[in-house]
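Just structure-v2.csv here, CSV, C-alpha atoms:
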chain,number,residue,atom,x,y,z
G,1,MET,CA,-10.2,20.7,-4.0
G,2,ASP,CA,-8.6,17.5,-5.1
G,3,PHE,CA,-7.3,16.9,-1.5
G,4,VAL,CA,-10.8,17.6,-0.1
G,5,LEU,CA,-12.2,14.9,-2.4
G,6,ILE,CA,-9.6,12.5,-1.0
G,7,LEU,CA,-10.5,13.4,2.5
G,8,ILE,CA,-14.2,12.8,1.7
G,9,GLY,CA,-13.3,9.5,0.1
G,10,LEU,CA,-11.7,8.5,3.4
G,11,SER,CA,-14.9,9.3,5.4
G,12,ILE,CA,-15.2,5.7,6.8
G,13,MET,CA,-11.6,5.9,7.9
G,14,TRP,CA,-12.4,9.1,9.8
G,15,LEU,CA,-15.4,7.5,11.4
G,16,PHE,CA,-13.3,4.4,12.3
G,17,MET,CA,-10.8,6.8,14.0
G,18,TYR,CA,-13.2,8.9,16.0
G,19,LYS,CA,-16.7,7.5,16.0
G,20,ILE,CA,-16.3,3.8,15.5
G,21,GLU,CA,-19.6,3.1,17.4
G,22,TRP,CA,-21.6,4.6,14.6
G,23,LEU,CA,-20.4,1.8,12.3
G,24,PHE,CA,-21.4,-1.0,14.6
G,25,ASP,CA,-25.1,-1.6,14.6
G,26,PHE,CA,-27.7,-1.5,11.8
G,27,GLY,CA,-29.6,1.4,13.2
G,28,VAL,CA,-30.1,5.0,12.1
G,29,SER,CA,-26.5,6.0,12.1
G,30,PHE,CA,-25.5,3.1,9.9
G,31,LEU,CA,-28.4,3.9,7.6
G,32,VAL,CA,-27.3,7.5,7.3
G,33,ILE,CA,-23.7,6.4,6.6
G,34,LEU,CA,-24.9,3.9,4.0
G,35,ILE,CA,-27.0,6.5,2.2
G,36,TYR,CA,-24.1,9.0,2.4
G,37,SER,CA,-21.8,6.4,0.9
G,38,ILE,CA,-24.2,5.5,-1.9
G,39,ILE,CA,-24.7,9.2,-2.7
G,40,LEU,CA,-20.9,9.7,-3.0
G,41,PHE,CA,-20.6,6.6,-5.1
G,42,ALA,CA,-23.3,8.0,-7.5
G,43,LEU,CA,-21.7,11.4,-7.4
G,44,SER,CA,-18.4,10.1,-8.6
G,45,PHE,CA,-20.1,8.9,-11.8
G,46,LEU,CA,-21.8,12.2,-12.3
G,47,LEU,CA,-18.6,14.2,-11.8
G,48,LEU,CA,-16.8,11.9,-14.2
G,49,GLU,CA,-19.6,12.4,-16.7
G,50,ILE,CA,-19.2,16.2,-16.6
G,51,ASN,CA,-15.4,15.9,-16.7
G,52,TYR,CA,-14.9,17.5,-13.3
G,53,GLY,CA,-11.3,17.5,-12.0
G,54,ASN,CA,-8.8,14.7,-12.1
G,55,PRO,CA,-10.6,11.4,-12.8
G,56,ASN,CA,-8.1,9.6,-10.6
G,57,ILE,CA,-9.1,11.8,-7.7
G,58,VAL,CA,-12.9,11.8,-8.4
G,59,VAL,CA,-13.0,8.0,-8.2
G,60,SER,CA,-11.9,8.2,-4.6
G,61,LEU,CA,-15.5,9.1,-3.8
G,62,ARG,CA,-16.3,5.4,-4.4
G,63,MET,CA,-14.1,4.4,-1.5
G,64,PRO,CA,-16.6,4.9,1.3
G,65,ILE,CA,-19.0,2.2,0.1
G,66,ILE,CA,-16.2,-0.3,-0.3
G,67,SER,CA,-14.7,0.6,3.1
G,68,LEU,CA,-18.1,0.3,4.7
G,69,ALA,CA,-18.7,-3.1,3.2
G,70,ILE,CA,-15.3,-4.4,4.3
G,71,PHE,CA,-15.8,-3.0,7.8
G,72,LYS,CA,-19.2,-4.6,8.2
G,73,MET,CA,-17.8,-7.9,7.0
G,74,PHE,CA,-15.0,-7.8,9.5
G,75,HIS,CA,-17.2,-6.6,12.2
G,76,ILE,CA,-19.8,-9.4,11.7
G,77,ILE,CA,-17.0,-12.0,11.8
G,78,PHE,CA,-15.4,-10.4,14.9
G,79,LYS,CA,-18.7,-10.2,16.7
G,80,PHE,CA,-19.6,-13.8,15.8
G,81,ILE,CA,-16.3,-15.1,17.2
G,82,TYR,CA,-15.8,-12.8,20.3
G,83,LYS,CA,-19.4,-11.8,21.1
G,84,ARG,CA,-18.4,-8.1,21.5
G,85,ASN,CA,-17.5,-5.1,19.4
G,86,PRO,CA,-13.9,-4.4,18.4
G,87,GLU,CA,-11.9,-1.4,19.5
G,88,ASN,CA,-9.7,0.9,17.5
G,89,THR,CA,-6.2,0.5,18.8
G,90,ALA,CA,-4.6,3.5,17.0
G,91,TRP,CA,-2.5,5.7,19.2
G,92,VAL,CA,-3.5,3.8,22.3
G,93,PHE,CA,-1.0,3.8,25.2
G,94,LYS,CA,-2.2,0.8,27.1
G,95,LYS,CA,-2.4,-2.9,26.5
G,96,LYS,CA,-5.2,-4.1,24.2
G,97,PRO,CA,-6.3,-7.7,23.2
G,98,ILE,CA,-4.5,-9.0,20.2
G,99,GLN,CA,-7.7,-9.6,18.3
G,100,ASP,CA,-8.6,-5.9,18.5
G,101,ILE,CA,-5.1,-5.0,17.2
G,102,LEU,CA,-5.4,-7.5,14.3
G,103,PHE,CA,-8.9,-6.2,13.5
G,104,SER,CA,-7.6,-2.6,13.4
G,105,ILE,CA,-4.6,-3.4,11.3
G,106,LEU,CA,-6.5,-5.6,8.9
G,107,PHE,CA,-9.2,-3.0,8.4
G,108,TRP,CA,-6.5,-0.4,7.9
G,109,LEU,CA,-4.8,-2.4,5.2
G,110,LEU,CA,-7.9,-3.9,3.5
G,111,GLY,CA,-10.6,-1.4,4.4
G,112,VAL,CA,-8.6,1.8,3.9
G,113,GLY,CA,-5.7,0.8,1.7
G,114,LEU,CA,-7.3,-1.7,-0.7
G,115,PRO,CA,-10.1,0.7,-1.9
G,116,PHE,CA,-7.4,3.1,-3.2
G,117,PHE,CA,-6.3,0.4,-5.6
G,118,LEU,CA,-9.7,-0.9,-6.3
G,119,VAL,CA,-11.2,2.4,-7.4
G,120,ILE,CA,-8.2,3.1,-9.6
G,121,LEU,CA,-8.7,-0.2,-11.4
W,1,MET,CA,34.2,-9.5,29.4
W,2,THR,CA,30.9,-10.9,30.5
W,3,TRP,CA,27.5,-9.4,29.9
W,4,ILE,CA,24.5,-10.0,32.0
W,5,ASP,CA,21.3,-10.1,30.1
W,6,THR,CA,18.2,-9.3,32.0
W,7,ARG,CA,14.6,-10.4,31.3
W,8,SER,CA,11.3,-9.2,32.7
W,9,ARG,CA,9.3,-11.5,34.9
W,10,ASN,CA,6.0,-10.1,36.0
W,11,GLY,CA,7.3,-6.6,35.6
W,12,ILE,CA,10.4,-7.1,37.7
W,13,TRP,CA,13.7,-7.4,36.0
W,14,VAL,CA,15.9,-10.3,36.9
W,15,ASP,CA,19.2,-11.6,35.6
W,16,GLU,CA,18.4,-14.6,33.5
W,17,ARG,CA,21.2,-15.3,31.1
W,18,ILE,CA,24.8,-14.8,30.8
W,19,THR,CA,26.5,-14.6,27.4
W,20,GLU,CA,30.2,-14.7,26.9
W,21,GLU,CA,32.1,-12.6,24.4
W,22,PRO,CA,34.0,-14.6,21.8
W,23,LYS,CA,37.8,-14.5,22.5
W,24,LEU,CA,40.6,-14.2,19.9
W,25,GLU,CA,43.2,-16.8,20.5
W,26,TYR,CA,46.6,-17.4,18.8
W,27,ASN,CA,47.5,-21.0,17.9
W,28,LYS,CA,51.3,-21.3,18.2
W,29,THR,CA,51.4,-24.5,16.1
W,30,THR,CA,49.5,-23.2,13.1
W,31,GLY,CA,50.3,-19.5,13.6
W,32,ILE,CA,46.6,-18.6,13.0
W,33,TYR,CA,44.4,-16.4,15.1
W,34,SER,CA,41.0,-17.8,15.6
W,35,PHE,CA,37.9,-17.0,17.6
W,36,THR,CA,37.0,-19.4,20.3
W,37,GLY,CA,33.6,-19.6,21.9
W,38,ASP,CA,32.1,-17.8,18.9
W,39,VAL,CA,28.9,-19.7,19.5
W,40,VAL,CA,27.2,-17.7,22.3
W,41,VAL,CA,27.1,-19.6,25.5
W,42,ILE,CA,23.8,-19.3,27.2
W,43,ASN,CA,23.8,-20.1,30.8
W,44,ARG,CA,20.7,-20.8,32.8
W,45,PHE,CA,20.2,-18.8,35.9
W,46,ILE,CA,19.3,-20.9,38.9
W,47,PRO,CA,16.6,-18.9,40.8
W,48,PHE,CA,17.4,-17.9,44.4
W,49,SER,CA,20.8,-19.5,44.3
W,50,GLY,CA,22.9,-16.7,43.0
W,51,ARG,CA,24.5,-19.1,40.6
W,52,VAL,CA,24.3,-20.0,37.0
W,53,GLU,CA,24.5,-23.3,35.2
W,54,GLY,CA,26.8,-23.5,32.2
W,55,GLY,CA,25.7,-24.4,28.7
W,56,ASP,CA,27.0,-27.9,29.2
W,57,GLY,CA,24.9,-28.3,32.4
W,58,ASN,CA,27.9,-28.9,34.7
W,59,GLU,CA,29.7,-25.6,35.3
W,60,GLN,CA,28.5,-23.5,38.1
W,61,ARG,CA,29.7,-20.0,39.0
W,62,SER,CA,28.7,-17.5,41.6
W,63,ILE,CA,27.4,-14.2,40.2
W,64,LEU,CA,27.5,-11.4,42.6
W,65,PRO,CA,25.1,-9.0,40.7
W,66,SER,CA,22.3,-11.4,41.4
W,67,ILE,CA,22.6,-10.9,45.2
W,68,THR,CA,22.3,-7.1,44.8
W,69,SER,CA,19.4,-7.8,42.4
W,70,TYR,CA,17.6,-9.7,45.1
W,71,ILE,CA,18.0,-6.8,47.5
W,72,SER,CA,16.8,-4.3,44.9
W,73,ILE,CA,13.9,-6.4,43.8
W,74,GLY,CA,12.9,-7.0,47.4
W,75,GLY,CA,13.1,-3.3,48.1
W,76,GLY,CA,11.1,-2.6,45.0
W,77,ILE,CA,8.3,-5.1,46.0
W,78,ILE,CA,8.1,-3.8,49.5
W,79,GLY,CA,8.0,-0.2,48.3
W,80,GLY,CA,5.4,-1.1,45.7
W,81,LEU,CA,3.2,-2.8,48.3
W,82,GLU,CA,3.6,0.2,50.6
W,83,GLN,CA,2.6,2.7,47.9
W,84,SER,CA,-0.3,0.5,46.7
W,85,TYR,CA,-1.6,0.3,50.2
W,86,LYS,CA,-1.3,4.1,50.4
W,87,TYR,CA,-2.8,5.1,47.1
W,88,GLY,CA,-4.9,2.1,46.1
W,89,ASP,CA,-4.9,0.9,42.6
W,90,ASN,CA,-3.9,4.2,41.1
W,91,THR,CA,-0.3,4.0,42.1
W,92,VAL,CA,2.2,1.8,40.4
W,93,LYS,CA,5.8,1.2,41.5
W,94,TYR,CA,8.2,0.1,38.9
W,95,ALA,CA,11.6,-1.3,39.9
W,96,GLN,CA,13.9,-2.1,37.1
W,97,ILE,CA,17.1,-3.9,37.9
W,98,VAL,CA,19.7,-4.1,35.2
W,99,ASN,CA,23.1,-5.6,36.0
W,100,GLY,CA,22.2,-5.5,39.6
W,101,LYS,CA,21.5,-1.8,39.7
W,102,VAL,CA,18.3,0.0,39.9
W,103,ARG,CA,18.0,1.8,36.6
W,104,ALA,CA,14.7,3.5,37.0
W,105,ALA,CA,12.2,3.6,39.8
W,106,SER,CA,9.3,5.9,39.8
W,107,VAL,CA,6.0,6.2,41.6
W,108,LEU,CA,3.0,7.5,39.7
W,109,THR,CA,0.6,9.4,42.0
W,110,ARG,CA,-3.0,10.0,41.3
W,111,ALA,CA,-2.4,13.5,40.0
W,112,SER,CA,0.4,12.5,37.7
W,113,GLN,CA,-1.7,9.6,36.4
W,114,MET,CA,-4.6,11.9,35.7
W,115,ASN,CA,-2.3,14.3,33.9
W,116,ALA,CA,-0.8,11.4,31.9
W,117,ALA,CA,-4.3,10.2,31.0
W,118,LYS,CA,-5.3,13.7,29.7
W,119,MET,CA,-2.1,13.9,27.7
W,120,ALA,CA,-2.6,10.4,26.3
W,121,THR,CA,-6.2,11.4,25.2
W,122,GLY,CA,-5.0,14.6,23.5
W,123,LEU,CA,-2.1,12.7,21.9
W,124,LYS,CA,-4.5,10.1,20.6
W,125,VAL,CA,-6.8,12.6,18.9
W,126,VAL,CA,-3.8,14.5,17.3
W,127,GLY,CA,-2.0,11.2,16.4
W,128,ARG,CA,-5.1,9.7,14.7
W,129,SER,CA,-5.5,13.0,12.7
W,130,VAL,CA,-1.9,12.9,11.6
W,131,THR,CA,-2.2,9.2,10.7
W,132,GLY,CA,-5.4,9.9,8.6
W,133,LEU,CA,-3.8,13.0,6.9
W,134,SER,CA,-0.7,10.9,6.2
W,135,VAL,CA,-2.6,8.3,4.3
W,136,ALA,CA,-4.7,11.0,2.6
W,137,THR,CA,-1.6,12.7,1.4
W,138,ALA,CA,-0.1,9.3,0.2
W,139,GLY,CA,-3.4,8.7,-1.7
W,140,TYR,CA,-3.3,12.2,-3.2
W,141,GLN,CA,0.3,11.6,-4.4
W,142,PHE,CA,-0.7,8.2,-5.8
W,143,ALA,CA,-3.7,9.6,-7.7
W,144,ASN,CA,-1.5,12.3,-9.2
W,145,SER,CA,1.3,9.9,-10.1
W,146,ASN,CA,1.8,7.9,-13.3
W,147,MET,CA,0.7,4.7,-11.5
W,148,SER,CA,3.9,2.9,-12.0
W,149,GLY,CA,5.0,0.0,-9.8
W,150,ASN,CA,7.1,2.4,-7.8
W,151,ASP,CA,4.0,4.5,-6.9
W,152,TYR,CA,2.0,1.4,-5.9
W,153,ALA,CA,4.9,0.4,-3.6
W,154,ARG,CA,5.0,3.9,-2.1
W,155,LEU,CA,1.3,3.9,-1.2
W,156,THR,CA,1.6,0.4,0.2
W,157,GLY,CA,4.6,1.4,2.2
W,158,SER,CA,2.8,4.4,3.5
W,159,LEU,CA,-0.2,2.2,4.6
W,160,VAL,CA,2.2,-0.2,6.4
W,161,ILE,CA,4.0,2.6,8.1
W,162,THR,CA,0.8,4.3,9.3
W,163,GLY,CA,-0.6,0.9,10.1
W,164,THR,CA,2.0,0.3,12.8
W,165,ALA,CA,0.4,3.1,14.8
W,166,PHE,CA,-2.3,0.5,15.6
W,167,ILE,CA,0.1,-1.4,17.8
W,168,PRO,CA,-0.6,-0.3,21.3
W,169,LEU,CA,2.2,1.4,23.4
W,170,VAL,CA,5.1,1.3,21.0
W,171,GLY,CA,3.3,1.5,17.7
W,172,PRO,CA,3.0,5.3,17.4
W,173,ILE,CA,6.8,5.7,18.1
W,174,ILE,CA,7.6,3.0,15.5
W,175,SER,CA,5.2,4.7,13.0
W,176,ILE,CA,6.9,8.1,13.6
W,177,GLY,CA,10.3,6.6,13.2
W,178,LEU,CA,9.5,4.8,10.0
W,179,GLY,CA,7.7,7.8,8.7
W,180,VAL,CA,10.7,10.1,9.2
W,181,ALA,CA,13.0,7.4,7.7
W,182,ASP,CA,10.7,7.2,4.7
W,183,ASN,CA,10.7,10.9,4.3
W,184,TYR,CA,14.5,10.8,4.2
W,185,GLY,CA,14.4,8.2,1.4
W,186,ALA,CA,15.4,5.2,3.5
W,187,PHE,CA,13.1,2.9,1.7
W,188,ASP,CA,13.6,4.3,-1.8
W,189,ASP,CA,15.6,1.3,-2.9
W,190,ILE,CA,12.7,-1.0,-2.0
W,191,TYR,CA,10.2,1.2,-3.8
W,192,ASN,CA,12.5,1.4,-6.9
W,193,TYR,CA,12.7,-2.4,-6.9
W,194,PHE,CA,9.1,-2.4,-8.1
W,195,GLU,CA,9.7,0.2,-10.8
Show how you would write the structure in this file as structure tokens.
Amino acid sequence: MDFVLILIGLSIMWLFMYKIEWLFDFGVSFLVILIYSIILFALSFLLLEINYGNPNIVVSLRMPIISLAIFKMFHIIFKFIYKRNPENTAWVFKKKPIQDILFSILFWLLGVGLPFFLVIL
Amino acid sequence: MTWIDTRSRNGIWVDERITEEPKLEYNKTTGIYSFTGDVVVINRFIPFSGRVEGGDGNEQRSILPSITSYISIGGGIIGGLEQSYKYGDNTVKYAQIVNGKVRAASVLTRASQMNAAKMATGLKVVGRSVTGLSVATAGYQFANSNMSGNDYARLTGSLVITGTAFIPLVGPIISIGLGVADNYGAFDDIYNYFE
């Protein structure tokens, strides 16, 4: 169950990998993801309150809201500069613009990796 | 011994530099062996001349491989144009000339390109899943650790290794290579430094 919580905590990462377009606009999909992230954030406090499982694992449910905020920040900056949406360059076997590669790597390190450390703190 | 280093120009490999191996020489006066020419001499290739200009800008020597290179490159370009005309944009001809010899030349037909595209798509889905699961596993191990500096370094290392998969073309191979090396403890000394 602990591993499942980690996988749920990485929800935004999974969307980034397979359905990145859901994260782009401020429409229905984004609203659903935002509410989902807020629910998980609140759920982490509830689970800690009832002493459910390993506290270090339970706090991973707070990661989606942080990842989403970082993604939107990067996305807004990217769109402001390049007037288009970025692409995920993971496991791509053809040439891609360097700005997309940098966006992907930066999000990976700061949007996926950093929340691990932030929620533990 | 002389090596001919090749560089890619617009997808076609040409001889561009020549480097000379350092030679061991015996000095009769001092009785000491010493390396001469230990600084690598880089010679500039003069296009379409079949000659190179030495590092001092004066010396010129003929290099026979360049002539065969021209023949191979010319053949490759003609063949590529022919195939492009035949199959349109979906066919690519690669001619690689290394040391004056054609190392690899292949024509991708429409069918093989479609198969390659299907395989790449499948590989992308599987690869992304593996990357995601790798970081999830690293996070799980981190959450169950005693949160020492070593554990922070391991999680960061895992993120960097999986992050290389975002480099197009070669990234996934680098990521797999580093991941295997990490599993065999190749970076343990680095992680332990943060203990």
Sorted by chain and rising residue number, list the residues of chain G at most 10 Å from chain W (counting only C-alpha atoms), each with its closest atom pair and distance in Å to one decimal, as a tab-separated table.
residue	atom	partner	partner_atom	distance
G:Asp2	CA	W:Tyr140	CA	7.7
G:Phe3	CA	W:Tyr140	CA	6.4
G:Val4	CA	W:Ala136	CA	9.4
G:Leu5	CA	W:Tyr140	CA	9.3
G:Ile6	CA	W:Ala136	CA	6.3
G:Leu7	CA	W:Ala136	CA	6.3
G:Ile8	CA	W:Ala136	CA	9.7
G:Gly9	CA	W:Ala136	CA	9.1
G:Leu10	CA	W:Ala136	CA	7.5
G:Met13	CA	W:Gly132	CA	7.4
G:Trp14	CA	W:Gly132	CA	7.1
G:Met17	CA	W:Arg128	CA	6.4
G:Tyr18	CA	W:Val125	CA	7.9
G:Asn54	CA	W:Asn144	CA	8.2
G:Pro55	CA	W:Ala143	CA	8.8
G:Asn56	CA	W:Ala143	CA	5.3
G:Ile57	CA	W:Ala143	CA	5.8
G:Val58	CA	W:Ala143	CA	9.5
G:Val59	CA	W:Ala143	CA	9.4
G:Ser60	CA	W:Ala143	CA	8.9
G:Asn88	CA	W:Phe166	CA	7.7
G:Thr89	CA	W:Phe166	CA	5.0
G:Ala90	CA	W:Phe166	CA	4.0
G:Trp91	CA	W:Lys124	CA	5.0
G:Val92	CA	W:Pro168	CA	5.1
G:Phe93	CA	W:Leu169	CA	4.4
G:Lys94	CA	W:Leu169	CA	5.8
G:Lys95	CA	W:Pro168	CA	6.1
G:Lys96	CA	W:Pro168	CA	6.6
G:Pro97	CA	W:Pro168	CA	9.5
G:Ile98	CA	W:Ile167	CA	9.2
G:Asp100	CA	W:Phe166	CA	9.4
G:Ile101	CA	W:Ile167	CA	6.4
G:Leu102	CA	W:Phe166	CA	8.7
G:Phe103	CA	W:Phe166	CA	9.6
G:Ser104	CA	W:Phe166	CA	6.5
G:Ile105	CA	W:Gly163	CA	6.0
G:Leu106	CA	W:Gly163	CA	8.9
G:Phe107	CA	W:Gly163	CA	9.6
G:Trp108	CA	W:Gly163	CA	6.4
G:Leu109	CA	W:Leu159	CA	6.5
G:Leu110	CA	W:Leu159	CA	9.9
G:Val112	CA	W:Leu159	CA	8.4
G:Gly113	CA	W:Leu159	CA	6.4
G:Leu114	CA	W:Thr156	CA	9.2
G:Phe116	CA	W:Gly139	CA	7.0
G:Phe117	CA	W:Tyr152	CA	8.4
G:Ile120	CA	W:Ala143	CA	8.1
- Item | Residues near range 62-66 of chain G, cut-off 6 Å, only C-alpha atoms, skip fewer than 5 positions along chain, as a list in words | Gly9, Ile12, Ser37, Phe41 and Pro115 of chain G
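One finds CA of Gly111 in chain G at 23.9 Å from CA of Leu47 in chain G.
The residue set within 12 Å of Leu23 in chain G, counting only C-alpha atoms and dropping same-chain residues fewer than 6 places from it, reads Ser11, Ile12, Met13, Trp14, Leu15, Phe16, Met17, Ser29, Phe30, Leu31, Val32, Ile33, Leu34, Ser67, Leu68, Ala69, Ile70, Phe71, Lys72, Met73, Phe74, His75, Ile76, Asn85, Pro86, Glu87 and Asn88 of chain G.
As for CA of Ile50 in chain G and CA of Leu118 in chain G, they are spaced 22.1 Å apart.
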- As a check of understanding: the span from CA of Glu195 in chain W to CA of Val130 in chain W is 28.2 Å
Incomplete range 66-92 of chain G filled out to N, CA and C atoms as a compact mmCIF listing (two decimals), in the coordinates of the input:
# COMPACT_ATOMS: atom_id res chain seq x y z
N ILE G 66 -17.01 0.91 -0.39
CA ILE G 66 -16.20 -0.30 -0.30
C ILE G 66 -15.65 -0.48 1.11
N SER G 67 -15.18 0.63 1.71
CA SER G 67 -14.70 0.60 3.10
C SER G 67 -15.74 0.11 4.05
N LEU G 68 -16.95 0.65 3.86
CA LEU G 68 -18.10 0.30 4.70
C LEU G 68 -18.39 -1.20 4.64
N ALA G 69 -18.41 -1.70 3.41
CA ALA G 69 -18.70 -3.10 3.20
C ALA G 69 -17.65 -4.00 3.87
N ILE G 70 -16.37 -3.61 3.72
CA ILE G 70 -15.30 -4.40 4.30
C ILE G 70 -15.38 -4.31 5.85
N PHE G 71 -15.67 -3.11 6.37
CA PHE G 71 -15.80 -3.00 7.80
C PHE G 71 -16.90 -3.86 8.38
N LYS G 72 -18.06 -3.81 7.71
CA LYS G 72 -19.20 -4.60 8.20
C LYS G 72 -18.89 -6.11 8.16
N MET G 73 -18.18 -6.51 7.11
CA MET G 73 -17.80 -7.90 7.00
C MET G 73 -16.91 -8.33 8.14
N PHE G 74 -15.88 -7.52 8.37
CA PHE G 74 -15.00 -7.80 9.50
C PHE G 74 -15.67 -7.76 10.82
N HIS G 75 -16.55 -6.77 10.96
CA HIS G 75 -17.20 -6.60 12.20
C HIS G 75 -18.15 -7.78 12.55
N ILE G 76 -18.86 -8.25 11.53
CA ILE G 76 -19.80 -9.40 11.70
C ILE G 76 -18.95 -10.63 12.13
N ILE G 77 -17.83 -10.83 11.45
CA ILE G 77 -17.00 -12.00 11.80
C ILE G 77 -16.44 -11.86 13.20
N PHE G 78 -15.96 -10.67 13.54
CA PHE G 78 -15.40 -10.40 14.90
C PHE G 78 -16.44 -10.67 15.96
N LYS G 79 -17.63 -10.12 15.73
CA LYS G 79 -18.70 -10.20 16.70
C LYS G 79 -19.16 -11.70 16.86
N PHE G 80 -19.17 -12.40 15.75
CA PHE G 80 -19.60 -13.80 15.80
C PHE G 80 -18.58 -14.63 16.62
N ILE G 81 -17.31 -14.30 16.50
CA ILE G 81 -16.30 -15.10 17.20
C ILE G 81 -16.17 -14.65 18.68
N TYR G 82 -16.11 -13.33 18.93
CA TYR G 82 -15.80 -12.80 20.30
C TYR G 82 -16.98 -12.28 21.05
N LYS G 83 -18.15 -12.24 20.44
CA LYS G 83 -19.40 -11.80 21.10
C LYS G 83 -19.29 -10.38 21.67
N ARG G 84 -18.53 -9.53 21.04
CA ARG G 84 -18.40 -8.10 21.50
C ARG G 84 -17.93 -7.30 20.28
N ASN G 85 -18.00 -5.96 20.45
CA ASN G 85 -17.50 -5.10 19.40
C ASN G 85 -16.03 -4.87 19.50
N PRO G 86 -15.36 -4.69 18.36
CA PRO G 86 -13.90 -4.40 18.40
C PRO G 86 -13.60 -3.01 18.83
N GLU G 87 -12.36 -2.78 19.21
CA GLU G 87 -11.90 -1.40 19.50
C GLU G 87 -10.85 -0.98 18.55
N ASN G 88 -10.81 0.34 18.33
CA ASN G 88 -9.70 0.90 17.50
C ASN G 88 -8.51 1.05 18.39
N THR G 89 -7.40 0.50 17.98
CA THR G 89 -6.20 0.50 18.80
C THR G 89 -5.18 1.57 18.36
N ALA G 90 -5.59 2.47 17.48
CA ALA G 90 -4.60 3.50 17.00
C ALA G 90 -4.28 4.46 18.09
N TRP G 91 -3.01 4.69 18.25
CA TRP G 91 -2.50 5.70 19.20
C TRP G 91 -3.03 5.42 20.62
N VAL G 92 -3.04 4.18 21.00
CA VAL G 92 -3.50 3.80 22.30
C VAL G 92 -2.23 3.44 23.14
